[in-house]
Structures are given as structure tokens and as C-alpha cells.
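Containing TSV, C-alpha atoms: run_4.tsv.
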```
chain	number	residue	atom	x	y	z
L	1479	ILE	CA	83.91	-68.08	-14.16
L	1480	ILE	CA	82.58	-67.84	-17.71
L	1481	LEU	CA	79.09	-69.20	-18.42
L	1482	GLY	CA	77.56	-69.44	-21.90
L	1483	THR	CA	74.84	-71.90	-22.88
L	1484	ILE	CA	73.44	-71.95	-19.36
L	1485	ALA	CA	72.54	-68.27	-19.69
L	1486	VAL	CA	70.06	-69.23	-22.42
L	1487	GLU	CA	68.88	-72.68	-21.38
L	1488	LYS	CA	68.94	-72.37	-17.58
L	1489	PRO	CA	69.01	-68.67	-16.73
L	1490	PHE	CA	67.78	-69.36	-13.18
L	1491	ILE	CA	71.04	-71.16	-12.43
L	1492	LEU	CA	73.00	-68.22	-13.79
L	1493	ARG	CA	71.08	-65.79	-11.62
L	1494	ASP	CA	71.57	-67.98	-8.57
L	1495	LEU	CA	75.33	-68.20	-9.12
L	1496	ALA	CA	75.65	-64.49	-9.87
L	1497	THR	CA	73.79	-63.70	-6.65
L	1498	LYS	CA	76.02	-65.99	-4.60
L	1499	TYR	CA	79.21	-64.76	-6.27
L	1500	PRO	CA	78.61	-61.14	-7.30
L	1501	GLY	CA	81.18	-59.76	-9.71
L	1502	LYS	CA	82.71	-63.19	-10.28
L	1503	ILE	CA	80.58	-64.39	-13.20
L	1504	ILE	CA	81.22	-63.50	-16.85
L	1505	VAL	CA	78.62	-64.38	-19.48
L	1506	GLY	CA	79.82	-65.50	-22.90
L	1507	ILE	CA	77.44	-64.61	-25.71
L	1508	ASP	CA	78.21	-66.15	-29.11
L	1509	THR	CA	76.12	-64.53	-31.78
L	1510	LYS	CA	75.50	-64.92	-35.50
L	1511	GLU	CA	73.23	-62.62	-37.46
L	1512	GLY	CA	71.82	-61.31	-34.21
L	1513	LYS	CA	70.88	-64.70	-32.73
L	1514	VAL	CA	72.63	-66.49	-29.87
L	1515	ALA	CA	74.37	-69.80	-30.61
L	1516	THR	CA	74.72	-72.38	-27.85
L	1517	ASN	CA	76.34	-75.76	-27.14
L	1518	GLY	CA	79.64	-74.83	-28.74
L	1519	TRP	CA	77.97	-73.09	-31.68
L	1520	VAL	CA	76.18	-76.34	-32.60
L	1521	LYS	CA	72.73	-74.95	-31.87
L	1522	ARG	CA	71.33	-71.63	-32.96
L	1523	SER	CA	68.66	-70.38	-30.61
L	1524	GLU	CA	65.83	-68.00	-31.37
L	1525	VAL	CA	67.02	-65.69	-28.61
L	1526	SER	CA	68.43	-62.43	-29.87
L	1527	ALA	CA	71.74	-61.28	-28.48
L	1528	ILE	CA	70.24	-57.94	-27.47
L	1529	ASP	CA	67.35	-59.56	-25.60
L	1530	LEU	CA	69.77	-61.83	-23.75
L	1531	VAL	CA	71.95	-58.89	-22.80
L	1532	LYS	CA	68.95	-56.98	-21.48
L	1533	SER	CA	67.82	-60.00	-19.45
L	1534	LEU	CA	71.15	-59.93	-17.60
L	1535	LYS	CA	70.42	-56.54	-16.05
L	1536	ASP	CA	70.83	-56.45	-12.28
L	1537	THR	CA	71.98	-60.09	-12.12
L	1538	GLY	CA	75.32	-59.25	-10.57
L	1539	ILE	CA	77.51	-60.52	-13.41
L	1540	SER	CA	80.81	-58.72	-13.92
L	1541	SER	CA	80.98	-58.51	-17.71
L	1542	ILE	CA	80.03	-60.03	-21.05
L	1543	ILE	CA	82.29	-61.63	-23.65
L	1544	CYS	CA	80.58	-61.18	-27.00
L	1545	THR	CA	81.87	-63.27	-29.90
L	1546	ASP	CA	80.70	-62.63	-33.43
L	1547	ILE	CA	80.76	-66.11	-35.00
L	1548	SER	CA	80.68	-64.86	-38.60
L	1549	THR	CA	83.97	-63.01	-38.22
L	1550	ASP	CA	85.73	-65.19	-35.63
L	1551	GLY	CA	89.03	-66.51	-36.94
L	1552	THR	CA	88.77	-64.67	-40.26
L	1553	LEU	CA	91.16	-61.80	-39.48
L	1554	GLN	CA	88.88	-59.68	-41.67
L	1555	GLY	CA	87.86	-57.18	-39.02
L	1556	PRO	CA	85.30	-57.16	-36.20
L	1557	ASN	CA	81.57	-56.64	-36.54
L	1558	LEU	CA	81.59	-53.13	-35.13
L	1559	ASN	CA	77.86	-52.55	-35.43
L	1560	ALA	CA	77.01	-55.74	-33.54
L	1561	MET	CA	79.51	-54.97	-30.79
L	1562	LYS	CA	78.22	-51.43	-30.47
L	1563	GLU	CA	74.61	-52.62	-30.17
L	1564	VAL	CA	75.50	-55.19	-27.51
L	1565	ALA	CA	77.56	-52.69	-25.52
L	1566	GLU	CA	74.82	-50.06	-25.64
L	1567	ALA	CA	72.27	-52.58	-24.37
L	1568	SER	CA	74.53	-53.91	-21.62
L	1569	GLN	CA	74.65	-52.74	-18.04
L	1570	VAL	CA	78.15	-54.19	-17.58
L	1571	PRO	CA	81.40	-53.92	-19.57
L	1572	VAL	CA	81.64	-55.84	-22.84
L	1573	ILE	CA	84.71	-57.69	-24.12
L	1574	ALA	CA	84.69	-57.91	-27.91
L	1575	SER	CA	85.79	-61.05	-29.73
L	1576	GLY	CA	85.93	-62.09	-33.36
L	1577	GLY	CA	87.61	-60.86	-36.53
L	1578	VAL	CA	90.50	-58.87	-35.07
L	1579	GLY	CA	93.36	-59.16	-37.53
L	1580	SER	CA	95.33	-55.94	-37.35
L	1581	ILE	CA	96.26	-52.99	-35.18
L	1582	SER	CA	93.67	-50.91	-37.04
L	1583	ASP	CA	91.00	-53.41	-35.99
L	1584	VAL	CA	92.05	-52.96	-32.38
L	1585	LEU	CA	91.90	-49.17	-32.73
L	1586	SER	CA	88.44	-49.37	-34.30
L	1587	LEU	CA	87.17	-51.30	-31.27
L	1588	LEU	CA	88.86	-48.91	-28.86
L	1589	LYS	CA	86.63	-46.20	-30.30
L	1590	LEU	CA	83.68	-48.09	-28.78
L	1591	ALA	CA	85.03	-47.64	-25.25
L	1592	ASP	CA	82.56	-44.81	-24.65
L	1593	VAL	CA	79.62	-47.16	-25.15
L	1594	GLY	CA	81.02	-49.91	-22.94
L	1595	VAL	CA	83.49	-52.03	-24.90
L	1596	GLU	CA	86.28	-52.33	-22.34
L	1597	GLY	CA	88.24	-55.31	-23.60
L	1598	ILE	CA	89.32	-57.04	-26.80
L	1599	ILE	CA	90.16	-60.71	-27.37
L	1600	ILE	CA	92.92	-61.37	-29.91
L	1601	GLY	CA	93.53	-64.94	-31.02
L	1602	ARG	CA	94.59	-66.07	-34.48
L	1603	ALA	CA	96.16	-62.69	-35.25
L	1604	LEU	CA	98.81	-63.41	-32.63
L	1605	TYR	CA	99.52	-66.91	-33.95
L	1606	ASP	CA	99.70	-65.73	-37.55
L	1607	GLY	CA	101.80	-62.70	-36.63
L	1608	THR	CA	99.49	-60.07	-38.10
L	1609	ILE	CA	99.52	-58.35	-34.70
L	1610	ASN	CA	102.60	-57.89	-32.56
L	1611	LEU	CA	101.43	-57.74	-28.97
L	1612	GLU	CA	104.39	-55.57	-27.98
L	1613	GLU	CA	103.05	-52.80	-30.20
L	1614	LEU	CA	99.97	-52.60	-27.99
L	1615	MET	CA	101.77	-52.53	-24.65
L	1616	PRO	CA	102.97	-49.33	-22.95
L	1617	LYS	CA	106.71	-49.35	-22.30
L	1618	PRO	CA	108.86	-47.50	-19.77
L	1619	ASP	CA	110.97	-46.05	-22.58
L	1620	MET	CA	107.95	-44.32	-24.04
L	1621	TYR	CA	109.20	-41.32	-22.08
L	1622	ILE	CA	112.66	-39.90	-21.56
L	1623	ALA	CA	113.48	-38.12	-18.32
L	1624	THR	CA	116.69	-36.15	-17.83
L	1625	GLU	CA	117.90	-34.47	-14.70
L	1626	GLY	CA	120.55	-31.93	-13.74
L	1627	LYS	CA	121.57	-29.61	-10.95
L	1628	SER	CA	118.99	-27.03	-11.99
L	1629	GLY	CA	116.25	-29.44	-12.93
L	1630	GLY	CA	115.40	-31.62	-15.90
L	1631	THR	CA	112.90	-32.49	-18.60
L	1632	ILE	CA	110.32	-35.17	-19.26
L	1633	TYR	CA	109.09	-35.74	-22.81
L	1634	PRO	CA	107.38	-38.44	-24.90
L	1635	THR	CA	109.40	-40.36	-27.46
L	1636	ARG	CA	107.85	-43.17	-29.51
L	1637	HIS	CA	104.33	-44.18	-28.49
L	1638	LYS	CA	100.92	-44.99	-29.94
L	1639	TYR	CA	99.71	-41.41	-29.49
L	1640	SER	CA	101.67	-40.35	-32.57
L	1641	SER	CA	99.63	-37.17	-32.99
L	1642	ILE	CA	101.20	-35.76	-29.82
L	1643	LYS	CA	104.30	-33.74	-30.65
L	1644	PRO	CA	107.31	-34.12	-28.34
L	1645	SER	CA	107.28	-31.48	-25.63
L	1646	SER	CA	109.09	-30.94	-22.36
L	1647	LYS	CA	108.16	-30.13	-18.77
L	1648	GLU	CA	110.53	-28.78	-16.17
L	1649	ILE	CA	110.96	-30.88	-13.06
L	1650	ASP	CA	112.83	-29.99	-9.88
L	1651	SER	CA	116.32	-31.18	-9.14
L	1652	TYR	CA	115.20	-33.62	-6.45
L	1653	GLY	CA	113.01	-35.64	-8.77
L	1654	CYS	CA	113.40	-39.24	-9.86
L	1655	GLY	CA	113.09	-39.40	-13.64
L	1656	ASP	CA	112.53	-43.15	-13.79
L	1657	CYS	CA	109.75	-42.97	-11.23
L	1658	PHE	CA	108.09	-40.11	-13.06
L	1659	ALA	CA	108.29	-41.86	-16.41
L	1660	GLY	CA	106.82	-45.02	-14.94
L	1661	ALA	CA	103.94	-43.13	-13.37
L	1662	VAL	CA	103.19	-41.30	-16.62
L	1663	THR	CA	103.27	-44.56	-18.59
L	1664	ALA	CA	100.85	-46.16	-16.14
L	1665	ALA	CA	98.53	-43.17	-16.39
L	1666	MET	CA	98.62	-43.26	-20.19
L	1667	SER	CA	97.71	-46.95	-20.18
L	1668	ALA	CA	94.58	-45.95	-18.23
L	1669	LYS	CA	93.37	-44.03	-21.30
L	1670	MET	CA	94.20	-40.59	-19.95
L	1671	ASP	CA	95.43	-37.87	-22.25
L	1672	LEU	CA	98.99	-36.57	-21.96
L	1673	ALA	CA	98.10	-33.62	-19.75
L	1674	GLN	CA	96.23	-35.81	-17.28
L	1675	ALA	CA	99.03	-38.36	-17.33
L	1676	ILE	CA	101.63	-35.76	-16.50
L	1677	ARG	CA	99.59	-34.43	-13.59
L	1678	ILE	CA	99.29	-37.91	-12.10
L	1679	GLY	CA	102.86	-38.76	-12.96
L	1680	ALA	CA	103.95	-35.64	-11.05
L	1681	TYR	CA	103.63	-37.67	-7.87
L	1682	CYS	CA	105.84	-40.71	-7.32
L	1683	GLY	CA	104.83	-43.74	-5.28
L	1684	ALA	CA	105.19	-44.32	-1.57
L	1685	GLU	CA	108.96	-44.75	-1.78
L	1686	CYS	CA	109.52	-41.45	-3.56
L	1687	SER	CA	107.10	-38.69	-2.62
L	1688	THR	CA	108.86	-35.90	-4.50
L	1689	HIS	CA	106.56	-33.54	-6.39
L	1690	PHE	CA	107.74	-32.71	-9.88
L	1691	GLY	CA	107.23	-29.01	-10.46
L	1692	PRO	CA	103.95	-27.14	-10.86
L	1693	TYR	CA	101.65	-28.44	-13.59
```

Let me see the file written as C-alpha cells.
Amino acid sequence: IILGTIAVEKPFILRDLATKYPGKIIVGIDTKEGKVATNGWVKRSEVSAIDLVKSLKDTGISSIICTDISTDGTLQGPNLNAMKEVAEASQVPVIASGGVGSISDVLSLLKLADVGVEGIIIGRALYDGTINLEELMPKPDMYIATEGKSGGTIYPTRHKYSSIKPSSKEIDSYGCGDCFAGAVTAAMSAKMDLAQAIRIGAYCGAECSTHFGPY
């Protein structure tokens, strides 16, 4: 459940709901020039976004969606400073919204993951075609696995981590290349580096418990 205006005008109701349904409430904070807008952006309150974020500490909410009104729908890039300040002040994960118009905008927000930005909302960029969602999604064919009587190799092909040069790892002859590749892809999507992904990918799921070589 996403609550917005009520967080400013009737915070006691928000706290009551968050207490009854811990981890189920998301607070939407729409901000312009540091102040929170309410009632569908019609009203601009005197409450600062940072103060509102701080007031949500220990309420039991699951996360915050922060929309920068000035950049929303413009495709001109997100307000990185505002998002960073909100994330640093927040006790819960922040989902950034507003201004995303390119892959580079997405990457710039991903750099704020360390301070708590754990999600990004993309809207008009998808409709206008300035962002292709497939480019952001991990794919099974990001890795190629080959097998033979004496073993095989696993190596990255095309993927967003373009700075990583293709390399190979020996796997034993009993391994399942598809299972390994899928596990590595899943690990990479969890923001692990290649070495970590390979270690986790070295173990298949419940249906295939083969260990792929020593890493």
C-alpha cells in the first residue's frame, strides 16, 4: 500500500497502519525544491522532504518512493543530489522517481545504491523509447557454457559489465552448463561481482547438486 498526503496531513493514521501492517506500507514523497507537495501536487506544504523522511524512523514502513516533481516527465535526468539526501536521511530503502530518460540516468542512480537508493521508477522513457527495458534485464545468454568429456568452460559474452574481459573457468564433466549459467546470471542480477557470481553459480539448485570445479 502506498500512502502520500496522509503522511503529512495525518501522520498518526500512517503510524497506526504501519504498526498494524509492518513492512506493508510504502510512503510516497513528492518533492519540489526541498518541500513536500500533497494532494496530487496541488498543494505545496512547508514540510521539508528531509524532515518528513526523518519523522518516518521506526514507523515500520517498508520503503519510500521519492519523486522529484521538477524533473518528472522531462527525460532530462534525475535530481541526484535530492535523491542522495533523502536516501541518506532514510532508515528504509528509497525508490527514486523523476527525470530518468536514458540508460546513463539509470546508471547514475545505481551509483547511489550504497546510500540506500534500491529502486528506480521509469515511466515516459519507456513510452517514448529512449530506454529499452530489455537492455536492463539480465539474460540467460549472457554466459556461454560448453561441456565435453574432460570438462568444459563458462565465460561471459555480452552483458552490462562491459569492463569485464571474457575469461573461462574449468568445470567438471558432470556439470550442467545451463544450470550454471542461470545461477551466475541470477547472482549477477543481485549486484555481485563476477567472482562472487561464479562462486554462487558453482552450485546448482535442488534438482542438480553438482559442484562445478574448485573456485

* **Top pick for closest residue to Thr1483 of chain L, considering L:Gly1597, L:Pro1500, L:Gly1555, L:Gly1518 and counting all atoms listed in the file** =>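 Of L:Gly1597, L:Pro1500, L:Gly1555, L:Gly1518, the one nearest Thr1483 of chain L is L:Gly1518, counting all atoms listed in the file.
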
In terms of all atoms listed in the file, the residue from L:Val1578, L:Ile1507, L:Val1572, L:Leu1534 at minimal distance from Asp1592 of chain L is L:Val1572

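The coordinates place atom CA of Leu1481 of chain L at 10.9 Å from atom CA of Thr1516 of chain L.
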
One decimal, in Å: what's the spacing between atom CA of Gln1554 of chain L and atom CA of Ile1504 of chain L?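 Atom CA of Ile1504 of chain L lies at a distance of 26.3 Å from atom CA of Gln1554 of chain L.
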
Report as a list in words all protein, DNA and RNA residues lying within 10 Å of Asp1536 of chain L, evaluated on all atoms listed in the file, omitting residues in the same chain fewer than 2 positions from it.
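Counting only the stated atoms, we get Arg1493, Ala1496, Thr1497, Lys1532, Ser1533, Leu1534, Gly1538, Ile1539, Gln1569 and Val1570 of chain L.
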
**Asked** By how many Å are atom CA of Val1505 of chain L and atom CA of Lys1521 of chain L apart?
**Response**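 The value is 17.3 Å.
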
Counting all atoms listed in the file, the option among L:Ile1542, L:Pro1489, L:Leu1587, L:Ser1580 closest to Leu1558 of chain L: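 Ranking L:Ile1542, L:Pro1489, L:Leu1587, L:Ser1580 by distance to Leu1558 of chain L, first place goes to L:Leu1587.
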
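Among the candidates L:Ala1527, L:Ala1574, L:Ile1599, L:Leu1611, the one nearest to Lys1510 of chain L when counting all atoms listed in the file is L:Ala1527.
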
Open item on the list: When you look at Pro1571 of chain L with a cut-off of 12 Å (counting all atoms listed in the file), what residues show up, excluding the ones that are within fewer than 4 positions of it in the same chain? I need them as a PyMOL selection string.
Closed with: chain L and resi 1501+1504-1505+1531+1535+1539-1544+1561-1562+1564-1567+1590-1598
